[in-house]
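Engineer: Here it is, the structure in full.
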Amino acid sequence: MSGLGHNKALGNQAVALARRKFLDGDRLDMQKLAAELGVDRSTLFRWVGNRDQLLATILWSLAEPTHRAAVAATTRTGVARIADVTRMFGQALIDAPFFRTFLRREPERALRLLTTKDSPVQHEIVNAIERVVQQELDRGHLIHPMSAHDLAYLIARIGESFIYADLITGDDPDAAKAALAVAALLGDPTYTPKGIYS
């Protein structure tokens, strides 16, 4: 195996171990992780980047399949499909114990990694939402004067506002409210989250 391939394999091993610890609700400690892998911190940093970069990798590795599952589970079209994805994705994050543990333990870092350009997580979430919005535009199920990218950015921001409400305003997180707000943005004030009020 080439040096580059070897380092990538070891980096993947380090990410997998860190991800297991994160899912167990453990605080990610780079020194302990390096020791467990039998390397020093500088070697670990070469493999996976600094702590924030590793956390961002883990967060997106968990968010991406969760969003994909929400998209696959939708049965409606147009505004309702986009709003339903928002609700299901948001509810999955709200219900994940390891995720709430991370938010409670490191709220400032969590918000920075999840909601700002300081990490790739928000960028990737916006891209994932944009793909769904663009599909509905292309299929003629959605008509809106704003671009798919701009709508996706706003949808992501709406989701953040309600999913992380306990950290931002002290209110309870509420994925259904996020879905209702997204539907209003997209022009359907009559939208009802499926299975919530009916």
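Chain labels A, B, ... are given in the sequence in which chains occur in the structure tokens; within each chain residues are numbered consecutively from 1, and ligands are likewise numbered from 1 in the order shown.
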I need the residues of range 1-107 of chain A that end up classed as helix (DSSP H, G or I) by DSSP on the backbone, written out as number ranges by chain.
Structural biologist: A: 3-23, 30-37, 41-48, 51-73, 78-95, 97-105, 107
Engineer: Which neighbours of Leu59 in chain A fall inside 10 Å, counting only C-alpha atoms, when residues of the same chain fewer than 6 positions from it are skipped, and could you give them as a PyMOL selection string?
Structural biologist: chain A and resi 19+22+53+99+110+113-114+120-121
Engineer: Could you please determine the separation between CA of Asp95 in chain A and CA of Gly49 in chain A in Å, to one decimal place?
Structural biologist: 28.8 Å
Engineer: Got a sec: who's within 12 Å of Arg27 in chain A, counting only C-alpha atoms, leaving out chain neighbours fewer than 3 positions off, as an MDAnalysis selection string?
Structural biologist: chainID A and resid 18:24 30:33 51 55 98:99 101:106
Engineer: Considering only C-alpha atoms, return as a PyMOL selection string whatever protein or nucleic-acid residues lie within 6 Å of range 75-79 of chain A, sequence-local ones (same chain, fewer than 2 positions apart) excluded.
Structural biologist: chain A and resi 81-82+136+141-142+183
Engineer: For those residues, write all heavy atoms to a file as a PDB file, in the first residue's frame.
Structural biologist:
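Result saved to result_17.pdb:
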```
ATOM      1  N   ARG A  81     -43.288  18.149   0.106  1.00  0.00           N
ATOM      2  CA  ARG A  81     -42.122  17.255   0.155  1.00  0.00           C
ATOM      3  C   ARG A  81     -40.953  17.940   0.860  1.00  0.00           C
ATOM      4  O   ARG A  81     -40.304  17.357   1.733  1.00  0.00           O
ATOM      5  CB  ARG A  81     -41.722  16.848  -1.263  1.00  0.00           C
ATOM      6  CG  ARG A  81     -40.501  15.926  -1.282  1.00  0.00           C
ATOM      7  CD  ARG A  81     -40.152  15.485  -2.692  1.00  0.00           C
ATOM      8  NE  ARG A  81     -39.062  14.523  -2.676  1.00  0.00           N
ATOM      9  CZ  ARG A  81     -37.968  14.623  -3.415  1.00  0.00           C
ATOM     10  NH1 ARG A  81     -37.822  15.647  -4.247  1.00  0.00           N
ATOM     11  NH2 ARG A  81     -37.029  13.712  -3.340  1.00  0.00           N
ATOM     12  N   ILE A  82     -40.678  19.178   0.485  1.00  0.00           N
ATOM     13  CA  ILE A  82     -39.548  19.907   1.071  1.00  0.00           C
ATOM     14  C   ILE A  82     -39.782  20.148   2.559  1.00  0.00           C
ATOM     15  O   ILE A  82     -38.877  19.972   3.383  1.00  0.00           O
ATOM     16  CB  ILE A  82     -39.336  21.233   0.316  1.00  0.00           C
ATOM     17  CG1 ILE A  82     -38.960  20.947  -1.149  1.00  0.00           C
ATOM     18  CG2 ILE A  82     -38.254  22.081   0.989  1.00  0.00           C
ATOM     19  CD1 ILE A  82     -39.092  22.149  -2.067  1.00  0.00           C
ATOM     20  N   GLU A 136     -37.815  19.529  -7.218  1.00  0.00           N
ATOM     21  CA  GLU A 136     -39.221  19.963  -7.248  1.00  0.00           C
ATOM     22  C   GLU A 136     -39.434  21.087  -8.254  1.00  0.00           C
ATOM     23  O   GLU A 136     -40.479  21.146  -8.916  1.00  0.00           O
ATOM     24  CB  GLU A 136     -39.670  20.371  -5.848  1.00  0.00           C
ATOM     25  CG  GLU A 136     -39.678  19.229  -4.843  1.00  0.00           C
ATOM     26  CD  GLU A 136     -40.403  18.000  -5.364  1.00  0.00           C
ATOM     27  OE1 GLU A 136     -41.620  18.097  -5.619  1.00  0.00           O
ATOM     28  OE2 GLU A 136     -39.760  16.946  -5.538  1.00  0.00           O
ATOM     29  N   HIS A 141     -43.286  20.999  -9.681  1.00  0.00           N
ATOM     30  CA  HIS A 141     -44.084  20.910  -8.458  1.00  0.00           C
ATOM     31  C   HIS A 141     -43.893  22.122  -7.552  1.00  0.00           C
ATOM     32  O   HIS A 141     -44.569  22.236  -6.533  1.00  0.00           O
ATOM     33  CB  HIS A 141     -43.734  19.642  -7.665  1.00  0.00           C
ATOM     34  CG  HIS A 141     -44.042  18.379  -8.413  1.00  0.00           C
ATOM     35  ND1 HIS A 141     -43.330  17.214  -8.236  1.00  0.00           N
ATOM     36  CD2 HIS A 141     -44.983  18.099  -9.360  1.00  0.00           C
ATOM     37  CE1 HIS A 141     -43.820  16.277  -9.012  1.00  0.00           C
ATOM     38  NE2 HIS A 141     -44.823  16.792  -9.720  1.00  0.00           N
ATOM     39  N   LEU A 142     -42.934  22.970  -7.919  1.00  0.00           N
ATOM     40  CA  LEU A 142     -42.651  24.158  -7.125  1.00  0.00           C
ATOM     41  C   LEU A 142     -42.338  25.304  -8.070  1.00  0.00           C
ATOM     42  O   LEU A 142     -41.564  25.133  -9.026  1.00  0.00           O
ATOM     43  CB  LEU A 142     -41.457  23.910  -6.195  1.00  0.00           C
ATOM     44  CG  LEU A 142     -40.952  25.104  -5.380  1.00  0.00           C
ATOM     45  CD1 LEU A 142     -41.989  25.523  -4.330  1.00  0.00           C
ATOM     46  CD2 LEU A 142     -39.621  24.768  -4.691  1.00  0.00           C
ATOM     47  N   ALA A 183     -42.768  25.815   4.720  1.00  0.00           N
ATOM     48  CA  ALA A 183     -43.924  25.820   3.816  1.00  0.00           C
ATOM     49  C   ALA A 183     -44.404  27.243   3.562  1.00  0.00           C
ATOM     50  O   ALA A 183     -44.754  27.599   2.429  1.00  0.00           O
ATOM     51  CB  ALA A 183     -45.048  24.978   4.403  1.00  0.00           C
TER      52      ALA A 183
END
```
Engineer: So what do you get for CA of Pro97 in chain A versus CA of Arg157 in chain A, distance-wise?
Structural biologist: 22.3 Å
Engineer: Could you jot down the CA of Tyr153 in chain A to CA of Val15 in chain A separation for me, Å, one decimal place?
Structural biologist: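 So the two atoms, CA of Tyr153 in chain A and CA of Val15 in chain A, lie 28.0 Å apart.
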Engineer: Tell me, as a PyMOL selection string, which residues lie within 12 Å of range 162-171 of chain A, counting only C-alpha atoms; anything in the same chain fewer than 2 positions away does not count.
Structural biologist: chain A and resi 86-96+99-100+102-112+114-115+155-160+173-182
Engineer: Of the candidates A:Ala14, A:Val132, A:Leu137, A:Val85, which shows the shortest atom-to-atom distance to Arg46 in chain A, using only C-alpha atoms?
Structural biologist: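 That would be A:Ala14, the residue with the smallest distance to Arg46 in chain A.
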